[in-house]
Structure formats: C-alpha cells, structure tokens
$ cat coords.txt   # compact mmCIF, C-alpha atoms and all ligand atoms
# COMPACT_ATOMS: atom_id res chain seq x y z
CA MET A 1 6.42 6.22 -11.92
CA LEU A 2 3.62 5.27 -14.22
CA ARG A 3 5.83 4.67 -17.26
CA GLN A 4 8.22 2.43 -15.30
CA CYS A 5 5.28 0.41 -13.93
CA MET A 6 3.88 -0.15 -17.42
CA GLU A 7 7.30 -1.18 -18.76
CA ALA A 8 7.84 -3.53 -15.81
CA LEU A 9 4.52 -5.24 -16.54
CA GLY A 10 5.58 -5.88 -20.16
CA ILE A 11 1.94 -5.65 -21.25
CA LYS A 12 0.51 -8.12 -23.79
CA PRO A 13 -2.52 -6.57 -25.53
CA ASP A 14 -4.64 -9.72 -25.09
CA GLY A 15 -3.49 -10.47 -21.51
CA TYR A 16 -5.32 -10.58 -18.17
CA TYR A 17 -4.17 -7.90 -15.72
CA VAL A 18 -4.89 -7.00 -12.12
CA ASP A 19 -4.59 -3.56 -10.55
CA CYS A 20 -4.66 -4.29 -6.80
CA THR A 21 -4.69 -0.61 -5.79
CA PHE A 22 -7.10 1.19 -8.10
CA GLY A 23 -7.02 4.57 -6.27
CA ARG A 24 -8.17 7.12 -8.83
CA GLY A 25 -7.53 4.76 -11.70
CA GLY A 26 -4.38 6.39 -13.11
CA HIS A 27 -2.50 3.11 -13.51
CA SER A 28 -5.64 1.27 -14.63
CA ALA A 29 -6.28 3.84 -17.37
CA ALA A 30 -2.69 3.54 -18.60
CA LEU A 31 -2.96 -0.24 -18.60
CA LEU A 32 -6.22 -0.18 -20.52
CA ALA A 33 -4.70 2.12 -23.12
CA ARG A 34 -2.19 -0.66 -23.83
CA LEU A 35 -4.74 -3.50 -23.94
CA GLY A 36 -6.56 -4.63 -27.09
CA PRO A 37 -10.25 -5.57 -27.29
CA THR A 38 -9.68 -9.07 -25.84
CA GLY A 39 -7.46 -7.95 -22.94
CA ARG A 40 -9.03 -7.81 -19.45
CA LEU A 41 -8.42 -5.71 -16.36
CA PHE A 42 -9.57 -6.65 -12.85
CA ALA A 43 -9.17 -3.72 -10.46
CA PHE A 44 -9.53 -3.73 -6.67
CA ASP A 45 -9.45 -1.18 -3.87
CA ARG A 46 -10.53 -1.48 -0.25
CA ASP A 47 -11.75 2.15 -0.32
CA ARG A 48 -15.33 2.58 -1.63
CA ASP A 49 -14.64 6.20 -2.64
CA ALA A 50 -11.86 4.90 -4.91
CA ILE A 51 -13.87 2.27 -6.72
CA SER A 52 -16.70 4.69 -7.50
CA SER A 53 -14.33 7.45 -8.63
CA ARG A 54 -14.03 6.52 -12.30
CA PRO A 55 -17.39 5.74 -13.91
CA ASP A 56 -15.71 6.25 -17.29
CA LEU A 57 -13.38 3.29 -16.67
CA ALA A 58 -16.13 1.21 -15.04
CA ARG A 59 -18.14 1.45 -18.28
CA ASP A 60 -15.31 -0.12 -20.34
CA PRO A 61 -16.42 -3.71 -21.16
CA ARG A 62 -12.85 -4.96 -20.58
CA VAL A 63 -12.85 -3.82 -16.95
CA GLU A 64 -14.21 -5.13 -13.67
CA ILE A 65 -13.73 -2.89 -10.63
CA GLN A 66 -14.37 -4.40 -7.19
CA HIS A 67 -14.36 -3.33 -3.58
CA GLY A 68 -11.96 -5.56 -1.65
CA ARG A 69 -8.61 -6.12 0.01
CA PHE A 70 -5.74 -7.24 -2.17
CA SER A 71 -5.08 -10.20 0.10
CA ALA A 72 -8.41 -11.57 -1.21
CA VAL A 73 -7.66 -10.99 -4.90
CA ASP A 74 -6.60 -14.62 -5.32
CA SER A 75 -10.01 -15.99 -4.30
CA ALA A 76 -11.86 -13.46 -6.49
CA LEU A 77 -9.81 -14.52 -9.53
CA GLU A 78 -9.91 -18.23 -8.72
CA GLU A 79 -13.72 -18.00 -8.66
CA ARG A 80 -13.48 -16.73 -12.24
CA GLY A 81 -11.27 -19.68 -13.24
CA LEU A 82 -8.19 -17.46 -13.66
CA ALA A 83 -5.61 -19.32 -11.54
CA GLY A 84 -2.46 -19.69 -13.67
CA LYS A 85 -3.84 -17.33 -16.36
CA VAL A 86 -2.89 -13.84 -15.16
CA HIS A 87 -0.21 -11.91 -17.10
CA GLY A 88 0.39 -9.06 -14.69
CA ILE A 89 -0.43 -7.99 -11.14
CA LEU A 90 0.30 -4.40 -10.13
CA MET A 91 0.48 -2.99 -6.59
CA ASP A 92 0.99 0.74 -5.98
CA LEU A 93 1.16 0.66 -2.19
CA GLY A 94 0.17 3.13 0.50
CA VAL A 95 -2.46 5.84 0.72
CA SER A 96 -3.73 7.84 -2.25
CA SER A 97 -3.58 11.63 -2.56
CA PRO A 98 -7.39 11.95 -2.23
CA GLN A 99 -7.24 9.94 1.02
CA LEU A 100 -4.44 12.16 2.36
CA ASP A 101 -5.99 15.41 1.18
CA ASN A 102 -9.48 14.85 2.62
CA PRO A 103 -9.39 15.90 6.31
CA GLU A 104 -12.50 13.77 6.96
CA ARG A 105 -10.43 10.62 6.38
CA GLY A 106 -8.07 11.46 9.25
CA PHE A 107 -4.80 10.46 7.52
CA SER A 108 -3.13 13.84 7.63
CA PHE A 109 -1.91 16.07 10.45
CA ARG A 110 -2.22 19.07 8.14
CA GLY A 111 -6.00 19.52 8.17
CA ASN A 112 -8.34 18.84 11.06
CA GLY A 113 -10.73 15.92 11.02
CA PRO A 114 -11.81 12.79 12.87
CA LEU A 115 -8.93 10.48 13.77
CA ASP A 116 -10.15 7.71 11.46
CA MET A 117 -7.33 6.50 9.13
CA ARG A 118 -9.22 3.48 7.80
CA MET A 119 -8.81 2.92 4.06
CA ASP A 120 -11.97 0.82 4.24
CA GLN A 121 -14.43 2.85 6.28
CA SER A 122 -16.93 -0.01 6.32
CA SER A 123 -14.92 -2.16 8.73
CA GLY A 124 -12.46 -2.21 11.61
CA ALA A 125 -11.54 0.20 14.39
CA THR A 126 -10.65 3.83 13.73
CA ALA A 127 -7.36 5.21 15.01
CA ALA A 128 -9.31 7.13 17.71
CA GLU A 129 -11.03 3.92 18.89
CA TRP A 130 -7.75 2.03 18.97
CA LEU A 131 -5.91 4.78 20.86
CA GLU A 132 -8.74 4.93 23.39
CA ARG A 133 -8.36 1.32 24.48
CA ALA A 134 -4.96 -0.07 23.41
CA PRO A 135 -2.49 -0.92 26.19
CA GLU A 136 0.30 1.65 26.49
CA ALA A 137 2.88 -0.98 25.53
CA ASP A 138 1.05 -1.71 22.26
CA ILE A 139 0.92 1.99 21.33
CA ARG A 140 4.63 2.32 22.08
CA GLN A 141 5.45 -0.77 19.99
CA CYS A 142 3.34 0.44 17.06
CA LEU A 143 5.06 3.85 16.99
CA TRP A 144 8.47 2.23 17.24
CA ASP A 145 7.96 -0.64 14.77
CA PHE A 146 6.01 1.19 12.06
CA GLY A 147 7.21 4.78 12.51
CA GLU A 148 10.72 4.30 13.94
CA GLU A 149 9.67 7.10 16.30
CA ARG A 150 12.43 7.60 18.89
CA MET A 151 9.98 9.33 21.24
CA ALA A 152 7.56 6.36 21.11
CA ARG A 153 7.71 5.77 24.86
CA ARG A 154 6.90 9.36 25.80
CA ILE A 155 4.18 9.78 23.17
CA ALA A 156 2.46 6.55 24.25
CA ALA A 157 2.63 7.60 27.91
CA ARG A 158 1.17 11.04 27.13
CA ILE A 159 -1.67 9.52 25.04
CA CYS A 160 -2.58 7.21 27.93
CA ALA A 161 -2.40 10.01 30.52
CA THR A 162 -4.53 12.30 28.34
CA ARG A 163 -7.23 9.75 27.53
CA VAL A 164 -8.18 9.33 31.20
CA ALA A 165 -9.81 12.78 31.06
CA ALA A 166 -10.82 12.80 27.38
CA PRO A 167 -9.88 10.42 24.57
CA LEU A 168 -8.22 11.88 21.48
CA ARG A 169 -10.82 12.46 18.79
CA THR A 170 -9.23 14.59 16.07
CA THR A 171 -6.06 14.72 13.99
CA GLN A 172 -5.21 18.15 15.44
CA GLU A 173 -5.53 16.93 19.05
CA LEU A 174 -3.05 14.17 18.30
CA ALA A 175 -0.70 16.46 16.32
CA ALA A 176 -0.76 19.03 19.17
CA LEU A 177 0.07 16.34 21.74
CA ILE A 178 3.03 15.12 19.66
CA SER A 179 4.34 18.66 19.12
CA THR A 180 4.85 19.04 22.89
CA ILE A 181 7.20 16.02 22.83
CA VAL A 182 8.93 15.75 19.44
CA ARG A 183 11.21 18.62 18.52
CA ARG A 184 10.45 20.26 15.16
CA ASP A 185 13.21 19.60 12.65
CA HIS A 186 13.54 21.36 9.35
CA ARG A 187 12.79 18.30 7.23
CA ILE A 188 9.64 16.69 8.55
CA ASP A 189 6.68 17.59 10.76
CA PRO A 190 6.93 16.15 14.32
CA ALA A 191 3.71 14.19 13.74
CA THR A 192 4.89 12.46 10.53
CA ARG A 193 6.25 9.26 12.08
CA THR A 194 3.35 8.77 14.51
CA PHE A 195 0.72 9.26 11.80
CA GLN A 196 2.56 6.85 9.48
CA ALA A 197 2.81 4.23 12.21
CA LEU A 198 -0.87 4.44 13.17
CA ARG A 199 -1.99 4.29 9.56
CA ILE A 200 0.10 1.18 8.87
CA MET A 201 -1.24 -0.51 11.99
CA ILE A 202 -4.92 0.45 11.58
CA ASN A 203 -4.92 -0.91 8.00
CA ASP A 204 -2.62 -3.88 8.74
CA GLU A 205 -0.68 -2.73 5.68
CA LEU A 206 2.32 -5.01 6.14
CA GLY A 207 0.20 -8.08 6.95
CA GLU A 208 -1.93 -7.42 3.87
CA LEU A 209 1.20 -7.18 1.71
CA ARG A 210 2.74 -10.41 3.05
CA ARG A 211 -0.46 -12.41 2.65
CA ALA A 212 -1.18 -11.02 -0.83
CA LEU A 213 2.27 -11.73 -2.27
CA ALA A 214 2.20 -15.33 -1.11
CA ARG A 215 -1.23 -15.84 -2.72
CA PHE A 216 -0.38 -14.19 -6.05
CA LEU A 217 2.09 -16.82 -7.26
CA LYS A 218 -0.58 -19.37 -8.14
CA LEU A 219 -2.41 -16.78 -10.26
CA LEU A 220 0.46 -16.12 -12.68
CA ALA A 221 0.58 -17.51 -16.21
CA VAL A 222 3.99 -18.43 -17.67
CA GLY A 223 5.54 -15.05 -18.55
CA GLY A 224 3.27 -13.32 -15.99
CA ARG A 225 4.69 -10.69 -13.63
CA ILE A 226 4.07 -9.20 -10.20
CA VAL A 227 5.10 -5.53 -10.09
CA VAL A 228 5.21 -3.67 -6.78
CA LEU A 229 5.76 0.04 -6.20
CA SER A 230 6.48 0.76 -2.53
CA PHE A 231 7.06 4.01 -0.68
CA HIS A 232 8.86 3.11 2.52
CA SER A 233 11.53 0.73 3.60
CA LEU A 234 9.24 -1.52 5.66
CA GLU A 235 7.20 -2.38 2.57
CA ASP A 236 10.20 -2.60 0.26
CA ARG A 237 11.97 -5.01 2.61
CA ILE A 238 9.01 -7.41 2.54
CA VAL A 239 8.81 -7.30 -1.27
CA LYS A 240 12.57 -7.65 -1.72
CA ARG A 241 12.78 -10.71 0.56
CA PHE A 242 9.70 -12.37 -0.87
CA PHE A 243 10.87 -12.00 -4.47
CA ARG A 244 14.42 -13.12 -3.64
CA ASP A 245 13.27 -16.14 -1.59
CA THR A 246 10.70 -17.16 -4.21
CA ALA A 247 13.24 -16.99 -7.04
CA LYS A 248 15.79 -18.95 -5.02
CA ALA A 249 13.32 -21.63 -3.85
CA SER A 250 12.15 -22.19 -7.42
CA ALA A 251 15.73 -22.42 -8.73
CA ASP A 252 16.55 -24.99 -6.04
CA ALA A 253 13.43 -27.08 -6.71
CA GLU A 254 13.62 -29.99 -9.16
CA SER A 255 10.22 -29.26 -10.68
CA GLY A 256 7.41 -26.72 -10.56
CA PRO A 257 7.13 -23.13 -11.79
CA GLN A 258 10.30 -21.02 -12.01
CA PHE A 259 10.41 -17.39 -10.91
CA VAL A 260 13.11 -14.80 -11.65
CA LEU A 261 13.74 -11.19 -10.62
CA VAL A 262 13.04 -8.83 -13.52
CA PHE A 263 15.56 -6.23 -12.23
CA ARG A 264 18.70 -6.95 -10.23
CA LYS A 265 18.26 -3.66 -8.36
CA PRO A 266 14.97 -1.84 -7.68
CA SER A 267 14.13 1.00 -10.06
CA GLY A 268 13.89 4.41 -8.43
CA PRO A 269 12.16 7.63 -9.45
CA THR A 270 13.46 10.03 -12.11
CA ASP A 271 13.81 13.78 -11.39
CA GLU A 272 10.65 14.24 -13.39
CA ASP A 273 8.75 11.75 -11.17
CA ILE A 274 9.88 13.65 -8.07
CA ALA A 275 8.90 17.00 -9.58
CA LEU A 276 5.42 15.61 -10.36
CA ASN A 277 4.99 14.00 -6.95
CA PRO A 278 7.46 14.64 -4.10
CA ARG A 279 6.17 11.43 -2.40
CA ALA A 280 7.91 9.51 -5.24
CA ARG A 281 11.31 10.38 -3.70
CA SER A 282 11.36 7.15 -1.69
CA ALA A 283 9.63 4.98 -4.33
CA ARG A 284 11.08 1.56 -5.17
CA LEU A 285 9.84 -0.61 -8.02
CA ARG A 286 10.44 -4.36 -8.02
CA ALA A 287 9.17 -7.10 -10.31
CA LEU A 288 9.09 -10.90 -10.35
CA GLU A 289 8.37 -13.04 -13.43
CA ARG A 290 7.16 -16.61 -13.76
CA THR A 291 9.31 -18.10 -16.52
CA THR A 292 8.09 -21.74 -16.71
C1 LIG A 301 -1.15 4.94 -3.90
S1 LIG A 301 -2.83 4.65 -4.09
C2 LIG A 301 -2.98 4.00 -5.71
C3 LIG A 301 -3.11 5.03 -6.77
C4 LIG A 301 -3.44 4.44 -8.13
N1 LIG A 301 -2.37 3.61 -8.63
C5 LIG A 301 -3.79 5.51 -9.15
O1 LIG A 301 -3.21 5.49 -10.25
O2 LIG A 301 -4.65 6.35 -8.86
C6 LIG A 301 -3.08 3.22 -3.13
C7 LIG A 301 -4.51 2.70 -3.11
O3 LIG A 301 -4.43 1.37 -2.64
C8 LIG A 301 -5.51 1.11 -1.80
N2 LIG A 301 -5.09 0.04 -0.91
C9 LIG A 301 -4.10 0.06 0.00
N3 LIG A 301 -4.01 -1.12 0.63
C10 LIG A 301 -4.95 -1.92 0.08
C11 LIG A 301 -5.33 -3.28 0.28
N4 LIG A 301 -4.74 -4.03 1.21
N5 LIG A 301 -6.30 -3.79 -0.48
C12 LIG A 301 -6.92 -3.02 -1.44
N6 LIG A 301 -6.62 -1.73 -1.66
C13 LIG A 301 -5.64 -1.19 -0.91
C14 LIG A 301 -5.77 2.42 -1.10
O4 LIG A 301 -7.10 2.49 -0.65
C15 LIG A 301 -5.46 3.44 -2.20
O5 LIG A 301 -6.61 3.81 -2.88

$ encode --input "coords.txt" --output "structure tokens"
Amino acid sequence: MLRQCMEALGIKPDGYYVDCTFGRGGHSAALLARLGPTGRLFAFDRDRDAISSRPDLARDPRVEIQHGRFSAVDSALEERGLAGKVHGILMDLGVSSPQLDNPERGFSFRGNGPLDMRMDQSSGATAAEWLERAPEADIRQCLWDFGEERMARRIAARICATRVAAPLRTTQELAALISTIVRRDHRIDPATRTFQALRIMINDELGELRRALARFLKLLAVGGRIVVLSFHSLEDRIVKRFFRDTAKASADAESGPQFVLVFRKPSGPTDEDIALNPRARSARLRALERTT
C-alpha cells in the first residue's frame, strides 16, 4: 500500500518527514523520491539489521537513519528543535518480511530457529526466556489477549508441564507442542495465533503504539499528518480510537491545535496490493491532520 501511504502523507517537497518503521527502506525511498533538496527524512527502526540495510539511502544528505523505538521519536526530534515542525509521520506496523523469513530471528513457525522474536536483539527477554519463567496465568492471558487463541488455557498448561523437564528453545518445539492441541484448519496454521501473541507481547507492540501516538501530536506542524498502516484489529482499534478521540477533544476545546481525520473510513488494500503481498489483506490505513 505504498502509493496510498504516500498520498495520505500529502508530501510537500520541502517538508520534514519521519519514517518510524524503516524496515528495508521501501517507504523511505518512495518518500525521498518525492522530496526536493531542502526536504528532510528522519527514519527509525528498533532492529539494527534494518537500519544498516540501505547504505544507499543512508548516504543521501537529506536522510538521517537511527536505531530506536518509535515511542522515543519525539525526544529525538525535540533534541533537534523540530517540535511543531514535522509535516508527516509514517508508521507501517508489525514485523518485516526479512524478520519473518530469517529463521534465526524466531518469528516464524515455518523454519526452525531459536525462539527469540525480539525486533531489537540488543535488549529485553527472548520468547524462550519469557516462556521459561512466566506464570502459567500470564502465558494464558497473553495467548488470549494478543492471539485470541481459544486453546490458550491448554497451550499454557502444556508449556508449563513441558518446561519442568526441558524449557522450549526452538520455534519447531513450540509449533510441535501447539499442533498436538490446536486442530489444523484449512485457512491458517495451528501455531499462527500463538506466535502472533508472543511476538506482540515480547515487543510490547501495543504499548509502543499507544505511547508513540500520544507523543507525536506535539511534533506536527500545521498541515502535518500522522499516517498509520496496521495489519491486525488490535492495532487498528488503538489507532482508530486515538485519532477519533484526538479530533473530538480538539473540536471541543476553545483553543489549541485542531486535528481532523483525513479519511472517514480506513483505506484498505487493492487487489493489486494483495497480489503483491498477501499480508496486505488485513491492512488498514488511517490518517490524522493538524489543521490549525
Ligand atoms: C512492516 S516493517 C516496515 C517495512 C518498511 N515500511 C519498508 O518499506 O521496508 C515494520 C518495521 O518496523 C519496525 N518496528 C516495529 N515496531 C517498532 C518500534 N516500536 N519502534 C521502531 N521500529 C519498530 C520493525 O523492526 C520492522 O523493521
């Protein structure tokens, strides 16, 4: 949904833009192609492999690429004196294809690798470490809240029974355990919901999103936009509520900046987007603009 993201940003050639989720730089490259010589792009990713993946973009004098969480983007830009001066902030949420495709990162039940799942491998507990020591009730809650896994209770119980003899260490050990409990259905692999839930929890994805959105408002210039592309309903719900509540609170206030929704309904993927990337099927694009 690259084209829709660029349109939603309404790019001004001399504006200041932020790509919060650099990944392999696809959106950043498209943004740069629309910026003139005085435009600037600040790109962030919490994954070190991502930020070193595009030396060609890093060499562009208009670009600064940094390792960091998007919930800390506000302080990085405030340090540069950019509060109230940013024309567009883009978030393309979730994991990247290279993260999913590399078995060593532990995100996928398809290959075999260490049960890691950290987007930032320089900090925090891996999924294996968490599953080794988390209380059974916390594992159950995680699978239920972030994966809507109906078998959460049985999976959590089996993980805790298994770890007494030997903790789970690999993606295939976990996938094999789940396959003895969750019946295979023709649409998705039995491990899909558990892996999604663990990934969201290990990376605090929803907490990161909530904190970041709240901190972005003060960065926007008049006419500046926040554009968010999300891939599951938990993320989209947070974005939808935040944008709606922010627009309403500003309309009710007697003074201060005003914010409006750019689209009444979220934009979805085209058939072409889905053909290019089946993950786009559940994509939702929302945008908020500061108008005064
Ligand atoms: C879907 S990919 C982005 C792909 C990118 N738009 C492109 O064109 O290649 C999401 C990226 O966001 C990063 N990410 C996810 N949560 C993050 C966070 N809280 N802070 C910084 N980066 C994050 C991931 O590491 C991943 O590289």

$ closest_atom_pairs --input "coords.txt" --of "chain A" --to "ligand LIG 301 (chain A)" --cutoff "8 Å" --atoms "only C-alpha atoms and all ligand atoms" --output "JSON lines"
{"residue": "A:Leu2", "atom": "CA", "partner": "A:LIG301", "partner_atom": "O1", "distance": 7.9}
{"residue": "A:Asp19", "atom": "CA", "partner": "A:LIG301", "partner_atom": "N1", "distance": 7.7}
{"residue": "A:Cys20", "atom": "CA", "partner": "A:LIG301", "partner_atom": "C12", "distance": 6.0}
{"residue": "A:Thr21", "atom": "CA", "partner": "A:LIG301", "partner_atom": "O3", "distance": 3.7}
{"residue": "A:Phe22", "atom": "CA", "partner": "A:LIG301", "partner_atom": "C4", "distance": 4.9}
{"residue": "A:Gly23", "atom": "CA", "partner": "A:LIG301", "partner_atom": "O5", "distance": 3.5}
{"residue": "A:Arg24", "atom": "CA", "partner": "A:LIG301", "partner_atom": "O2", "distance": 3.6}
{"residue": "A:Gly25", "atom": "CA", "partner": "A:LIG301", "partner_atom": "O2", "distance": 4.3}
{"residue": "A:Gly26", "atom": "CA", "partner": "A:LIG301", "partner_atom": "O1", "distance": 3.2}
{"residue": "A:His27", "atom": "CA", "partner": "A:LIG301", "partner_atom": "O1", "distance": 4.1}
{"residue": "A:Ser28", "atom": "CA", "partner": "A:LIG301", "partner_atom": "O1", "distance": 6.5}
{"residue": "A:Ala29", "atom": "CA", "partner": "A:LIG301", "partner_atom": "O1", "distance": 7.9}
{"residue": "A:Phe44", "atom": "CA", "partner": "A:LIG301", "partner_atom": "C12", "distance": 5.9}
{"residue": "A:Asp45", "atom": "CA", "partner": "A:LIG301", "partner_atom": "N6", "distance": 3.6}
{"residue": "A:Arg46", "atom": "CA", "partner": "A:LIG301", "partner_atom": "C12", "distance": 4.1}
{"residue": "A:Asp47", "atom": "CA", "partner": "A:LIG301", "partner_atom": "O4", "distance": 4.7}
{"residue": "A:Ala50", "atom": "CA", "partner": "A:LIG301", "partner_atom": "O5", "distance": 5.7}
{"residue": "A:His67", "atom": "CA", "partner": "A:LIG301", "partner_atom": "C12", "distance": 7.7}
{"residue": "A:Gly68", "atom": "CA", "partner": "A:LIG301", "partner_atom": "C12", "distance": 5.6}
{"residue": "A:Arg69", "atom": "CA", "partner": "A:LIG301", "partner_atom": "N5", "distance": 3.3}
{"residue": "A:Phe70", "atom": "CA", "partner": "A:LIG301", "partner_atom": "N5", "distance": 3.9}
{"residue": "A:Ser71", "atom": "CA", "partner": "A:LIG301", "partner_atom": "N4", "distance": 6.3}
{"residue": "A:Met91", "atom": "CA", "partner": "A:LIG301", "partner_atom": "N1", "distance": 7.5}
{"residue": "A:Asp92", "atom": "CA", "partner": "A:LIG301", "partner_atom": "C2", "distance": 5.1}
{"residue": "A:Leu93", "atom": "CA", "partner": "A:LIG301", "partner_atom": "C6", "distance": 5.0}
{"residue": "A:Gly94", "atom": "CA", "partner": "A:LIG301", "partner_atom": "C6", "distance": 4.9}
{"residue": "A:Val95", "atom": "CA", "partner": "A:LIG301", "partner_atom": "C6", "distance": 4.7}
{"residue": "A:Ser96", "atom": "CA", "partner": "A:LIG301", "partner_atom": "S1", "distance": 3.8}
{"residue": "A:Ser97", "atom": "CA", "partner": "A:LIG301", "partner_atom": "S1", "distance": 7.2}
{"residue": "A:Gln99", "atom": "CA", "partner": "A:LIG301", "partner_atom": "O5", "distance": 7.3}
{"residue": "A:Met119", "atom": "CA", "partner": "A:LIG301", "partner_atom": "O4", "distance": 5.0}
{"residue": "A:Asp120", "atom": "CA", "partner": "A:LIG301", "partner_atom": "O4", "distance": 7.1}
{"residue": "A:Asn203", "atom": "CA", "partner": "A:LIG301", "partner_atom": "N3", "distance": 7.4}
{"residue": "A:Asp204", "atom": "CA", "partner": "A:LIG301", "partner_atom": "N4", "distance": 7.8}
{"residue": "A:Glu205", "atom": "CA", "partner": "A:LIG301", "partner_atom": "N4", "distance": 6.2}
{"residue": "A:Glu208", "atom": "CA", "partner": "A:LIG301", "partner_atom": "N4", "distance": 5.1}
{"residue": "A:Leu209", "atom": "CA", "partner": "A:LIG301", "partner_atom": "N4", "distance": 6.7}

$ atom_distance --input "coords.txt" --atom1 "CA of Ala127 (chain A)" --atom2 "CA of Leu198 (chain A)"
6.8 Å

$ atom_distance --input "coords.txt" --atom1 "CA of Leu57 (chain A)" --atom2 "CA of Leu32 (chain A)"
8.8 Å

$ closest_residue --input "coords.txt" --among "A:Leu41, A:Gly81, A:Ala283, A:Ala214" --to "Ile65 (chain A)" --atoms "all atoms listed in the file"
A:Leu41

$ residues_around --input "coords.txt" --residues "Arg290 (chain A)" --least-positions-apart "2" --cutoff "7 Å" --atoms "only C-alpha atoms" --output "list of chain:residue names"
A:Leu220, A:Val222, A:Gly223, A:Gly224, A:Arg225, A:Pro257, A:Gln258, A:Phe259, A:Val260, A:Leu288, A:Thr292

$ atom_distance --input "coords.txt" --atom1 "CA of Val227 (chain A)" --atom2 "CA of Arg281 (chain A)"
18.2 Å

$ closest_residue --input "coords.txt" --among "A:Ala251, A:Leu82, A:Ala72, A:Val262" --to "Arg215 (chain A)" --atoms "all atoms listed in the file"
A:Ala72

$ axis_aligned_box --input "coords.txt" --around "region 272-283 of chain A" --padding-each-side "6 Å" --output "lines of an AutoDock Vina configuration file"
center_x = 8.2
center_y = 11.0
center_z = -7.5
size_x = 18.4
size_y = 24.0
size_z = 23.7

$ residues_around --input "coords.txt" --residues "region 145-159 of chain A" --least-positions-apart "3" --cutoff "8 Å" --atoms "only C-alpha atoms" --output "PyMOL selection string"
chain A and resi 131+136-137+139-142+162-163+168+177-178+181-182+193-198+200-201+234

$ residues_around --input "coords.txt" --residues "Arg110 (chain A)" --least-positions-apart "3" --cutoff "12 Å" --atoms "all atoms listed in the file" --output "MDAnalysis selection string"
chainID A and resid 100:107 113 170:176 189:192 195

$ closest_residue --input "coords.txt" --among "A:Ser108, A:Ser53, A:Gln121, A:Thr38" --to "Gly15 (chain A)" --atoms "only C-alpha atoms"
A:Thr38

$ closest_residue --input "coords.txt" --among "A:Leu35, A:Ile11, A:Ala125, A:Ala280" --to "Leu229 (chain A)" --atoms "only C-alpha atoms"
A:Ala280

$ closest_residue --input "coords.txt" --among "A:Glu289, A:Asp138, A:Glu64, A:Glu78" --to "Cys160 (chain A)" --atoms "all atoms listed in the file"
A:Asp138

$ build_atoms --input "coords.txt" --residues "region 187-198 of chain A" --atoms "N, CA, C and O atoms" --output "compact mmCIF listing (two decimals), in the frame of the given file"
# COMPACT_ATOMS: atom_id res chain seq x y z
N ARG A 187 13.18 19.15 8.36
CA ARG A 187 12.79 18.30 7.23
C ARG A 187 11.34 17.81 7.33
O ARG A 187 10.59 17.88 6.38
N ILE A 188 10.99 17.27 8.49
CA ILE A 188 9.64 16.69 8.55
C ILE A 188 8.87 17.19 9.77
O ILE A 188 9.47 17.55 10.79
N ASP A 189 7.54 17.17 9.65
CA ASP A 189 6.68 17.59 10.76
C ASP A 189 6.85 16.59 11.92
O ASP A 189 7.00 15.38 11.69
N PRO A 190 6.78 17.07 13.17
CA PRO A 190 6.93 16.15 14.32
C PRO A 190 5.92 15.00 14.31
O PRO A 190 6.19 13.92 14.85
N ALA A 191 4.75 15.23 13.70
CA ALA A 191 3.71 14.19 13.74
C ALA A 191 3.87 13.13 12.64
O ALA A 191 3.16 12.12 12.65
N THR A 192 4.80 13.33 11.71
CA THR A 192 4.89 12.46 10.53
C THR A 192 5.02 10.97 10.91
O THR A 192 4.27 10.12 10.43
N ARG A 193 5.96 10.68 11.79
CA ARG A 193 6.25 9.26 12.08
C ARG A 193 5.09 8.59 12.83
O ARG A 193 4.77 7.44 12.59
N THR A 194 4.47 9.35 13.75
CA THR A 194 3.35 8.77 14.51
C THR A 194 2.16 8.50 13.59
O THR A 194 1.54 7.44 13.65
N PHE A 195 1.85 9.47 12.71
CA PHE A 195 0.72 9.26 11.80
C PHE A 195 1.00 8.09 10.86
O PHE A 195 0.12 7.28 10.59
N GLN A 196 2.23 7.98 10.36
CA GLN A 196 2.56 6.85 9.48
C GLN A 196 2.37 5.52 10.21
O GLN A 196 1.78 4.58 9.71
N ALA A 197 2.87 5.48 11.44
CA ALA A 197 2.81 4.23 12.21
C ALA A 197 1.36 3.82 12.45
O ALA A 197 0.98 2.65 12.25
N LEU A 198 0.53 4.78 12.86
CA LEU A 198 -0.87 4.44 13.17
C LEU A 198 -1.60 3.97 11.92
O LEU A 198 -2.37 3.02 11.95
